[in-house]
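Chemist: Next comes my_file_25.pdb, PDB, C-alpha atoms and all ligand atoms:
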```pdb
ATOM      1  CA  MET A 343      23.663  -7.849  -6.282  1.00  0.00           C
ATOM      2  CA  SER A 344      22.312  -4.559  -7.520  1.00  0.00           C
ATOM      3  CA  ASP A 345      23.778  -1.281  -6.411  1.00  0.00           C
ATOM      4  CA  ASN A 346      21.947   1.595  -4.856  1.00  0.00           C
ATOM      5  CA  SER A 347      22.767   5.018  -3.598  1.00  0.00           C
ATOM      6  CA  ILE A 348      21.534   7.722  -1.286  1.00  0.00           C
ATOM      7  CA  SER A 349      22.239  11.303  -2.333  1.00  0.00           C
ATOM      8  CA  LEU A 350      22.041  14.504  -0.326  1.00  0.00           C
ATOM      9  CA  VAL A 351      21.297  17.055  -3.040  1.00  0.00           C
ATOM     10  CA  TYR A 352      21.554  20.811  -2.481  1.00  0.00           C
ATOM     11  CA  PRO A 353      19.452  22.690  -5.055  1.00  0.00           C
ATOM     12  CA  SER A 354      19.982  26.090  -3.407  1.00  0.00           C
ATOM     13  CA  ILE A 355      23.759  26.054  -4.019  1.00  0.00           C
ATOM     14  CA  PRO A 356      24.484  27.926  -7.265  1.00  0.00           C
ATOM     15  CA  GLU A 357      26.785  26.347  -9.818  1.00  0.00           C
ATOM     16  CA  PHE A 358      29.609  28.835  -9.193  1.00  0.00           C
ATOM     17  CA  ASP A 359      29.677  27.945  -5.469  1.00  0.00           C
ATOM     18  CA  ALA A 360      29.457  24.166  -5.897  1.00  0.00           C
ATOM     19  CA  SER A 361      33.193  23.353  -5.719  1.00  0.00           C
ATOM     20  CA  GLU A 362      33.804  25.525  -2.684  1.00  0.00           C
ATOM     21  CA  VAL A 363      30.756  24.210  -0.785  1.00  0.00           C
ATOM     22  CA  GLY A 364      31.522  20.652  -1.933  1.00  0.00           C
ATOM     23  CA  ALA A 365      35.053  20.957  -0.513  1.00  0.00           C
ATOM     24  CA  ARG A 366      33.586  22.163   2.782  1.00  0.00           C
ATOM     25  CA  ALA A 367      31.199  19.190   2.873  1.00  0.00           C
ATOM     26  CA  LEU A 368      34.075  16.777   2.267  1.00  0.00           C
ATOM     27  CA  ASP A 369      36.178  18.438   4.931  1.00  0.00           C
ATOM     28  CA  TRP A 370      33.304  18.109   7.431  1.00  0.00           C
ATOM     29  CA  LEU A 371      32.836  14.405   6.625  1.00  0.00           C
ATOM     30  CA  VAL A 372      36.586  13.651   6.740  1.00  0.00           C
ATOM     31  CA  THR A 373      37.098  15.498  10.030  1.00  0.00           C
ATOM     32  CA  ARG A 374      34.396  13.311  11.593  1.00  0.00           C
ATOM     33  CA  LYS A 375      35.923  10.176  10.003  1.00  0.00           C
ATOM     34  CA  ILE A 376      32.674   9.425   8.186  1.00  0.00           C
ATOM     35  CA  VAL A 377      34.669   9.075   4.986  1.00  0.00           C
ATOM     36  CA  ASN A 378      38.401   8.892   4.327  1.00  0.00           C
ATOM     37  CA  ALA A 379      40.249  11.748   2.694  1.00  0.00           C
ATOM     38  CA  MET A 380      42.234   9.564   0.282  1.00  0.00           C
ATOM     39  CA  PRO A 381      40.190   8.913  -2.887  1.00  0.00           C
ATOM     40  CA  THR A 382      40.024   5.386  -4.262  1.00  0.00           C
ATOM     41  CA  ASN A 383      38.199   3.459  -6.967  1.00  0.00           C
ATOM     42  CA  CYS A 384      35.124   2.850  -4.778  1.00  0.00           C
ATOM     43  CA  ILE A 385      32.252   4.432  -6.675  1.00  0.00           C
ATOM     44  CA  LEU A 386      30.258   3.572  -9.775  1.00  0.00           C
ATOM     45  CA  SER A 387      31.935   6.035 -12.082  1.00  0.00           C
ATOM     46  CA  SER A 388      34.510   5.543 -14.772  1.00  0.00           C
ATOM     47  CA  ARG A 389      35.682   9.135 -14.554  1.00  0.00           C
ATOM     48  CA  ALA A 390      35.881   9.923 -10.861  1.00  0.00           C
ATOM     49  CA  LEU A 391      37.259   8.493  -7.647  1.00  0.00           C
ATOM     50  CA  GLY A 392      35.337   8.332  -4.395  1.00  0.00           C
ATOM     51  CA  HIS A 393      35.974   8.504  -0.695  1.00  0.00           C
ATOM     52  CA  PRO A 394      35.619   5.184   1.147  1.00  0.00           C
ATOM     53  CA  PRO A 395      33.756   4.859   4.471  1.00  0.00           C
ATOM     54  CA  GLY A 396      35.755   6.046   7.479  1.00  0.00           C
ATOM     55  CA  SER A 397      36.010   4.517  10.940  1.00  0.00           C
ATOM     56  CA  ASN A 398      32.973   6.542  12.118  1.00  0.00           C
ATOM     57  CA  ALA A 399      30.829   5.933   9.012  1.00  0.00           C
ATOM     58  CA  PHE A 400      27.966   4.674  11.171  1.00  0.00           C
ATOM     59  CA  ASP A 401      27.678   8.065  12.903  1.00  0.00           C
ATOM     60  CA  MET A 402      25.979   9.129   9.665  1.00  0.00           C
ATOM     61  CA  VAL A 403      23.581   6.180   9.529  1.00  0.00           C
ATOM     62  CA  ALA A 404      20.084   6.186  11.074  1.00  0.00           C
ATOM     63  CA  GLU A 405      19.567   4.253  14.302  1.00  0.00           C
ATOM     64  CA  LYS A 406      17.503   1.466  12.751  1.00  0.00           C
ATOM     65  CA  TYR A 407      20.238   0.635  10.218  1.00  0.00           C
ATOM     66  CA  GLN A 408      23.117   0.389  12.693  1.00  0.00           C
ATOM     67  CA  SER A 409      23.452  -3.373  12.222  1.00  0.00           C
ATOM     68  CA  ASP A 410      23.447  -3.099   8.427  1.00  0.00           C
ATOM     69  CA  ARG A 411      27.223  -3.475   7.960  1.00  0.00           C
ATOM     70  CA  LEU A 412      27.323  -5.362   4.683  1.00  0.00           C
ATOM     71  CA  PHE A 413      28.182  -2.314   2.576  1.00  0.00           C
ATOM     72  CA  LEU A 414      31.566  -1.986   4.278  1.00  0.00           C
ATOM     73  CA  LYS A 415      32.616  -5.139   2.407  1.00  0.00           C
ATOM     74  CA  LEU A 416      31.347  -4.095  -1.013  1.00  0.00           C
ATOM     75  CA  ARG A 417      33.540  -2.879  -3.809  1.00  0.00           C
ATOM     76  CA  PHE A 418      31.417   0.237  -4.406  1.00  0.00           C
ATOM     77  CA  ASN A 419      30.769   1.880  -1.041  1.00  0.00           C
ATOM     78  CA  GLY A 420      32.263   5.347  -1.332  1.00  0.00           C
ATOM     79  CA  LEU A 421      31.117   8.932  -1.428  1.00  0.00           C
ATOM     80  CA  HIS A 422      30.897  10.514  -4.860  1.00  0.00           C
ATOM     81  CA  LEU A 423      31.158  14.273  -4.592  1.00  0.00           C
ATOM     82  CA  GLU A 424      29.068  15.404  -7.563  1.00  0.00           C
ATOM     83  CA  MET A 425      29.714  18.971  -8.593  1.00  0.00           C
ATOM     84  CA  GLY A 426      28.238  20.556 -11.694  1.00  0.00           C
ATOM     85  CA  LYS A 427      24.686  20.686 -12.986  1.00  0.00           C
ATOM     86  CA  LYS A 428      22.833  17.413 -12.857  1.00  0.00           C
ATOM     87  CA  MET A 429      19.315  16.072 -12.684  1.00  0.00           C
ATOM     88  CA  PHE A 430      19.081  13.795  -9.624  1.00  0.00           C
ATOM     89  CA  ALA A 431      16.040  11.548  -9.955  1.00  0.00           C
ATOM     90  CA  ASP A 432      14.671   8.900  -7.583  1.00  0.00           C
ATOM     91  CA  PHE A 433      15.203   5.415  -9.025  1.00  0.00           C
ATOM     92  CA  GLY A 434      17.367   7.047 -11.700  1.00  0.00           C
ATOM     93  CA  VAL A 435      14.243   7.468 -13.798  1.00  0.00           C
ATOM     94  CA  SER A 436      13.972  10.517 -15.972  1.00  0.00           C
ATOM     95  CA  GLU A 437      10.407  10.114 -17.032  1.00  0.00           C
ATOM     96  CA  PRO A 438       8.939  13.132 -18.870  1.00  0.00           C
ATOM     97  CA  PRO A 439       7.073  15.407 -16.462  1.00  0.00           C
ATOM     98  CA  ARG A 440       3.603  16.925 -16.613  1.00  0.00           C
ATOM     99  CA  CYS A 441       2.911  20.607 -17.136  1.00  0.00           C
ATOM    100  CA  PRO A 442       2.110  22.431 -13.849  1.00  0.00           C
ATOM    101  CA  ALA A 443      -0.673  24.373 -15.624  1.00  0.00           C
ATOM    102  CA  CYS A 444      -2.502  21.996 -18.013  1.00  0.00           C
ATOM    103  CA  GLU A 445      -1.303  18.700 -16.404  1.00  0.00           C
ATOM    104  CA  LYS A 446      -0.584  17.134 -19.796  1.00  0.00           C
ATOM    105  CA  SER A 447       2.513  14.945 -20.157  1.00  0.00           C
ATOM    106  CA  TRP A 448       5.452  16.354 -22.003  1.00  0.00           C
ATOM    107  CA  SER A 449       7.010  14.427 -24.871  1.00  0.00           C
ATOM    108  CA  ASP A 450      10.495  12.944 -24.457  1.00  0.00           C
ATOM    109  CA  ALA A 451      11.811  15.397 -27.036  1.00  0.00           C
ATOM    110  CA  ALA A 452      10.391  18.477 -25.286  1.00  0.00           C
ATOM    111  CA  HIS A 453      11.759  17.262 -21.967  1.00  0.00           C
ATOM    112  CA  ALA A 454      15.203  16.563 -23.428  1.00  0.00           C
ATOM    113  CA  ALA A 455      15.245  20.048 -24.980  1.00  0.00           C
ATOM    114  CA  ALA A 456      14.280  21.711 -21.686  1.00  0.00           C
ATOM    115  CA  HIS A 457      16.937  19.689 -19.862  1.00  0.00           C
ATOM    116  CA  SER A 458      19.677  20.667 -22.265  1.00  0.00           C
ATOM    117  CA  GLU A 459      18.552  24.312 -22.148  1.00  0.00           C
ATOM    118  CA  TRP A 460      18.930  24.185 -18.357  1.00  0.00           C
ATOM    119  CA  LEU A 461      22.386  22.617 -18.621  1.00  0.00           C
ATOM    120  CA  LYS A 462      23.485  25.373 -21.017  1.00  0.00           C
ATOM    121  CA  SER A 463      22.004  28.339 -19.159  1.00  0.00           C
ATOM    122  CA  ARG A 464      24.631  30.499 -17.543  1.00  0.00           C
ATOM    123  CA  THR A 465      22.529  32.951 -15.630  1.00  0.00           C
ATOM    124  CA  SER A 466      21.973  30.967 -12.451  1.00  0.00           C
ATOM    125  CA  HIS A 467      20.973  27.484 -11.548  1.00  0.00           C
ATOM    126  CA  LEU A 468      17.785  28.898 -10.013  1.00  0.00           C
ATOM    127  CA  ASN A 469      16.512  29.327 -13.445  1.00  0.00           C
ATOM    128  CA  PRO A 470      14.663  31.889 -15.286  1.00  0.00           C
ATOM    129  CA  LYS A 471      11.549  30.556 -16.939  1.00  0.00           C
ATOM    130  CA  ILE A 472      13.012  28.502 -19.733  1.00  0.00           C
ATOM    131  CA  CYS A 473      10.409  25.742 -20.108  1.00  0.00           C
ATOM    132  CA  LYS A 474       7.473  26.299 -22.410  1.00  0.00           C
ATOM    133  CA  CYS A 475       4.713  23.697 -22.421  1.00  0.00           C
ATOM    134  CA  GLU A 476       4.208  22.201 -25.849  1.00  0.00           C
ATOM    135  CA  HIS A 477       0.468  21.854 -25.164  1.00  0.00           C
ATOM    136  CA  CYS A 478      -0.695  25.086 -23.525  1.00  0.00           C
ATOM    137  CA  GLY A 479       2.310  27.414 -23.825  1.00  0.00           C
ATOM    138  CA  HIS A 480       2.679  27.865 -20.052  1.00  0.00           C
ATOM    139  CA  VAL A 481       6.189  29.055 -19.194  1.00  0.00           C
ATOM    140  CA  SER A 482       7.967  27.826 -16.044  1.00  0.00           C
ATOM    141  CA  SER A 483      11.335  26.997 -14.565  1.00  0.00           C
ATOM    142  CA  ILE A 484      12.482  23.406 -14.942  1.00  0.00           C
ATOM    143  CA  ASP A 485      12.076  22.605 -11.252  1.00  0.00           C
ATOM    144  CA  ALA A 486       8.395  23.642 -11.410  1.00  0.00           C
ATOM    145  CA  LEU A 487       7.536  20.781 -13.775  1.00  0.00           C
ATOM    146  CA  LYS A 488       5.630  17.926 -12.163  1.00  0.00           C
ATOM    147  CA  TYR A 489       7.685  14.749 -11.977  1.00  0.00           C
ATOM    148  CA  ARG A 490       6.263  11.419 -10.824  1.00  0.00           C
ATOM    149  CA  PHE A 491       9.308  10.669  -8.684  1.00  0.00           C
ATOM    150  CA  THR A 492      11.459  13.050  -6.663  1.00  0.00           C
ATOM    151  CA  THR A 493      13.560  14.921  -9.191  1.00  0.00           C
ATOM    152  CA  VAL A 494      16.021  17.579  -8.117  1.00  0.00           C
ATOM    153  CA  PHE A 495      18.018  19.911 -10.339  1.00  0.00           C
ATOM    154  CA  ALA A 496      21.203  20.926  -8.599  1.00  0.00           C
ATOM    155  CA  SER A 497      24.925  21.594  -8.912  1.00  0.00           C
ATOM    156  CA  LEU A 498      25.981  19.800  -5.749  1.00  0.00           C
ATOM    157  CA  GLY A 499      25.148  16.284  -4.625  1.00  0.00           C
ATOM    158  CA  LEU A 500      26.786  13.978  -2.067  1.00  0.00           C
ATOM    159  CA  THR A 501      26.120  10.467  -3.341  1.00  0.00           C
ATOM    160  CA  PHE A 502      26.905   7.543  -1.030  1.00  0.00           C
ATOM    161  CA  TRP A 503      27.027   4.191  -2.870  1.00  0.00           C
ATOM    162  CA  ASN A 504      25.409   1.242  -1.126  1.00  0.00           C
ATOM    163  CA  TRP A 505      25.181   2.940   2.242  1.00  0.00           C
ATOM    164  CA  PRO A 506      22.065   2.160   4.340  1.00  0.00           C
ATOM    165  CA  ALA A 507      18.980   3.944   3.010  1.00  0.00           C
ATOM    166  CA  GLU A 508      18.498   6.444   5.811  1.00  0.00           C
ATOM    167  CA  PHE A 509      20.815   8.913   7.471  1.00  0.00           C
ATOM    168  CA  ARG A 510      20.735  10.221  11.017  1.00  0.00           C
ATOM    169  CA  GLU A 511      18.715  13.421  11.035  1.00  0.00           C
ATOM    170  CA  THR A 512      20.931  15.226  13.549  1.00  0.00           C
ATOM    171  CA  MET A 513      23.967  14.648  11.305  1.00  0.00           C
ATOM    172  CA  VAL A 514      22.198  15.822   8.155  1.00  0.00           C
ATOM    173  CA  ASP A 515      21.044  18.920  10.052  1.00  0.00           C
ATOM    174  CA  ALA A 516      24.546  19.609  11.384  1.00  0.00           C
ATOM    175  CA  LEU A 517      25.907  19.386   7.847  1.00  0.00           C
ATOM    176  CA  SER A 518      23.138  21.727   6.626  1.00  0.00           C
ATOM    177  CA  ILE A 519      24.246  24.337   9.162  1.00  0.00           C
ATOM    178  CA  GLN A 520      27.826  23.953   7.997  1.00  0.00           C
ATOM    179  CA  LEU A 521      26.865  24.361   4.320  1.00  0.00           C
ATOM    180  CA  LYS A 522      24.077  26.893   4.936  1.00  0.00           C
ATOM    181  CA  ALA A 523      21.829  24.794   2.705  1.00  0.00           C
ATOM    182  CA  LYS A 524      19.250  22.076   3.204  1.00  0.00           C
ATOM    183  CA  PRO A 525      19.373  18.904   1.128  1.00  0.00           C
ATOM    184  CA  GLN A 526      16.747  16.884  -0.632  1.00  0.00           C
ATOM    185  CA  VAL A 527      17.277  13.145  -0.461  1.00  0.00           C
ATOM    186  CA  VAL A 528      17.307  11.107  -3.669  1.00  0.00           C
ATOM    187  CA  HIS A 529      17.605   7.294  -3.829  1.00  0.00           C
ATOM    188  CA  ILE A 530      18.789   5.370  -6.862  1.00  0.00           C
ATOM    189  CA  HIS A 531      18.652   1.617  -7.478  1.00  0.00           C
ATOM    190  CA  ILE A 532      20.418   0.200 -10.469  1.00  0.00           C
TER
HETATM  191 ZN    ZN B 601       0.687  22.929 -20.326  1.00  0.00          ZN
END
```
Kindly transcribe the structure held in the file into structure tokens.
Modeler:
Amino acid sequence: MSDNSISLVYPSIPEFDASEVGARALDWLVTRKIVNAMPTNCILSSRALGHPPGSNAFDMVAEKYQSDRLFLKLRFNGLHLEMGKKMFADFGVSEPPRCPACEKSWSDAAHAAAHSEWLKSRTSHLNPKICKCEHCGHVSSIDALKYRFTTVFASLGLTFWNWPAEFRETMVDALSIQLKAKPQVVHIHI
């Protein structure tokens, strides 16, 4: 069986706030027993541990997926708290984007260079204009480039492995109020 994930990604949280806000998100989810506090080897990562589903995990899941209980039995079914700059892309695809001005596709090399420039930049995650189009010279921030699939540049993401594909809106909104930030949702299938 293939694995998939649903991520709540918060692009408005700056890098220097990510650990503090991430800890608050975890605390909120643990208090409501959506995930367990004790980390285990339950996520697809060789470097990090995750938080397994709690006894109220289904409070987080949309109404129409309430009978979808299979993930509780899977090996990888935890929350991965992702803190630090990362490109979150739907399907896990990092296809080169198009320029917002001339619409031409960027080369892989130009895209890789812009990505690494963003990872290195220390000013803020809401970037200055660091991307220069190789075709027309238009200068933009990395999140202004036109990606085919949802692509979010952020320093905080809550990635739930193999959970049902849709979360309950009222819960996502309640968490947004707690974190003072709204998420974008990114799905990955691998
Ligand atoms: Zn261009």
Chemist: Please, which residues have at least one atom within 7 Å of an atom of ligand ZN 601 (chain B), using only C-alpha atoms and all ligand atoms, listed as a ChimeraX atom specification?
Modeler: /A:441-446,475-480
Chemist: What gap, in Å, lies between atom CA of Ala516 of chain A and atom CA of Pro395 of chain A?
Modeler: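 These atoms are spaced 18.7 Å apart.
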Chemist: Applied to the shown file, which residues does the PyMOL selection byres (((chain A and resi 503) around 6) and not hetatm) return, written as number ranges by chain?
Modeler: A: 347, 419-420, 502, 504-505
Chemist: What is the distance between atom CA of Glu511 of chain A and atom CA of Gln408 of chain A, in Å to one decimal?
Modeler: 13.9 Å
Chemist: What's around Ile530 of chain A at 9 Å? Count all atoms listed in the file, leave out sequence neighbours fewer than 2 positions away in its own chain, and write the answer as a VMD selection string.
Modeler: chain A and resid 345 to 349 430 to 435 528 532
Chemist: Tell me which residues the PyMOL selection byres (((chain A and resi 526) around 6) and not hetatm) grabs here, as a PyMOL selection string.
Modeler: chain A and resi 350-351+525+527
Chemist: Calculate, to one decimal in Å, the centre and edge lengths of the box along x, y and z of the file that holds all listed atoms of segment 360-374 of chain A with 4 Å of margin on each side, and present them as lines of an AutoDock Vina configuration file.
Modeler:
```
center_x = 33.3
center_y = 19.4
center_z = 2.8
size_x = 15.6
size_y = 20.2
size_z = 25.5
```
Chemist: For the PyMOL selection byres (((chain A and resi 487) around 12) and not hetatm), applied here, can you spell out every residue it catches as a ChimeraX atom specification?
Modeler: /A:437-448,453,456-457,471-475,480-486,488-495
Chemist: Hey, can you check how far atom CA of Arg374 of chain A sits from atom CA of Tyr407 of chain A?
Modeler: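 Taking atom CA of Arg374 of chain A as the start and atom CA of Tyr407 of chain A as the end point, the length is 19.1 Å.
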Chemist: For Phe400 of chain A, which of A:Cys384, A:Ala360, A:Met513, A:Leu416 is the closest residue, counting all atoms listed in the file?
Modeler: A:Met513
Chemist: Which of these, A:Leu368, A:Met402, A:Pro381, A:Leu500, has the shortest distance to His422 of chain A once you count all atoms listed in the file?
Modeler: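 The shortest atom-to-atom distance to His422 of chain A comes from A:Leu500.
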Chemist: From the options A:Ala367, A:Val403, A:Ile376, A:Met429, which residue's atoms come nearest to Ile519 of chain A, counting only C-alpha atoms?
Modeler: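 Ranked by minimum distance to Ile519 of chain A, first place goes to A:Ala367.
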Chemist: With all atoms listed in the file as the basis for distance, which of A:Leu498, A:Ala454, A:Leu391, A:Ala507 is at the shortest distance from Ala523 of chain A?
Modeler: A:Leu498
Chemist: Please determine, counting all atoms listed in the file, which residue among A:Glu508, A:Asp515, A:Thr382, A:Glu424 has the shortest atom-to-atom distance to Val363 of chain A.
Modeler: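 The answer is A:Glu424, which sits nearest to Val363 of chain A.
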Chemist: Point out the residue among A:Ser449, A:His529, A:Phe418, A:Ser344 with the least atom-to-atom distance to Ser387 of chain A, counting all atoms listed in the file.
Modeler: A:Phe418
Chemist: Would you fill out segment 349-370 of chain A with N, CA and C atoms and return it as a compact mmCIF listing (two decimals), in the coordinates of the input?
Modeler:
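Wrote it out as out_9.txt, contents follow:
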```txt
# COMPACT_ATOMS: atom_id res chain seq x y z
N SER A 349 21.58 10.02 -2.04
CA SER A 349 22.24 11.30 -2.33
C SER A 349 21.62 12.41 -1.51
N LEU A 350 22.49 13.24 -0.92
CA LEU A 350 22.04 14.50 -0.33
C LEU A 350 22.29 15.56 -1.40
N VAL A 351 21.21 16.15 -1.89
CA VAL A 351 21.30 17.06 -3.04
C VAL A 351 20.91 18.47 -2.58
N TYR A 352 21.74 19.45 -2.97
CA TYR A 352 21.55 20.81 -2.48
C TYR A 352 21.17 21.77 -3.62
N PRO A 353 19.87 21.87 -3.91
CA PRO A 353 19.45 22.69 -5.06
C PRO A 353 19.67 24.19 -4.85
N SER A 354 19.83 24.64 -3.60
CA SER A 354 19.98 26.09 -3.41
C SER A 354 21.42 26.57 -3.61
N ILE A 355 22.36 25.64 -3.79
CA ILE A 355 23.76 26.05 -4.02
C ILE A 355 23.94 26.36 -5.51
N PRO A 356 24.29 27.60 -5.85
CA PRO A 356 24.48 27.93 -7.26
C PRO A 356 25.71 27.21 -7.84
N GLU A 357 25.71 27.08 -9.15
CA GLU A 357 26.78 26.35 -9.82
C GLU A 357 28.17 26.92 -9.47
N PHE A 358 28.28 28.24 -9.43
CA PHE A 358 29.61 28.84 -9.19
C PHE A 358 30.10 28.64 -7.77
N ASP A 359 29.24 28.21 -6.85
CA ASP A 359 29.68 27.94 -5.47
C ASP A 359 29.89 26.46 -5.20
N ALA A 360 29.53 25.61 -6.17
CA ALA A 360 29.46 24.17 -5.90
C ALA A 360 30.81 23.58 -5.46
N SER A 361 31.91 23.97 -6.10
CA SER A 361 33.19 23.35 -5.72
C SER A 361 33.61 23.77 -4.32
N GLU A 362 33.40 25.04 -4.01
CA GLU A 362 33.80 25.52 -2.68
C GLU A 362 32.95 24.86 -1.59
N VAL A 363 31.65 24.81 -1.80
CA VAL A 363 30.76 24.21 -0.78
C VAL A 363 30.98 22.69 -0.72
N GLY A 364 31.24 22.09 -1.89
CA GLY A 364 31.52 20.65 -1.93
C GLY A 364 32.78 20.32 -1.14
N ALA A 365 33.80 21.17 -1.26
CA ALA A 365 35.05 20.96 -0.51
C ALA A 365 34.80 21.07 0.99
N ARG A 366 33.92 22.01 1.36
CA ARG A 366 33.59 22.16 2.78
C ARG A 366 32.85 20.94 3.31
N ALA A 367 31.95 20.39 2.47
CA ALA A 367 31.20 19.19 2.87
C ALA A 367 32.16 18.03 3.09
N LEU A 368 33.10 17.87 2.16
CA LEU A 368 34.08 16.78 2.27
C LEU A 368 34.92 16.94 3.53
N ASP A 369 35.36 18.16 3.76
CA ASP A 369 36.18 18.44 4.93
C ASP A 369 35.43 18.06 6.22
N TRP A 370 34.15 18.42 6.26
CA TRP A 370 33.30 18.11 7.43
C TRP A 370 33.21 16.59 7.63
```
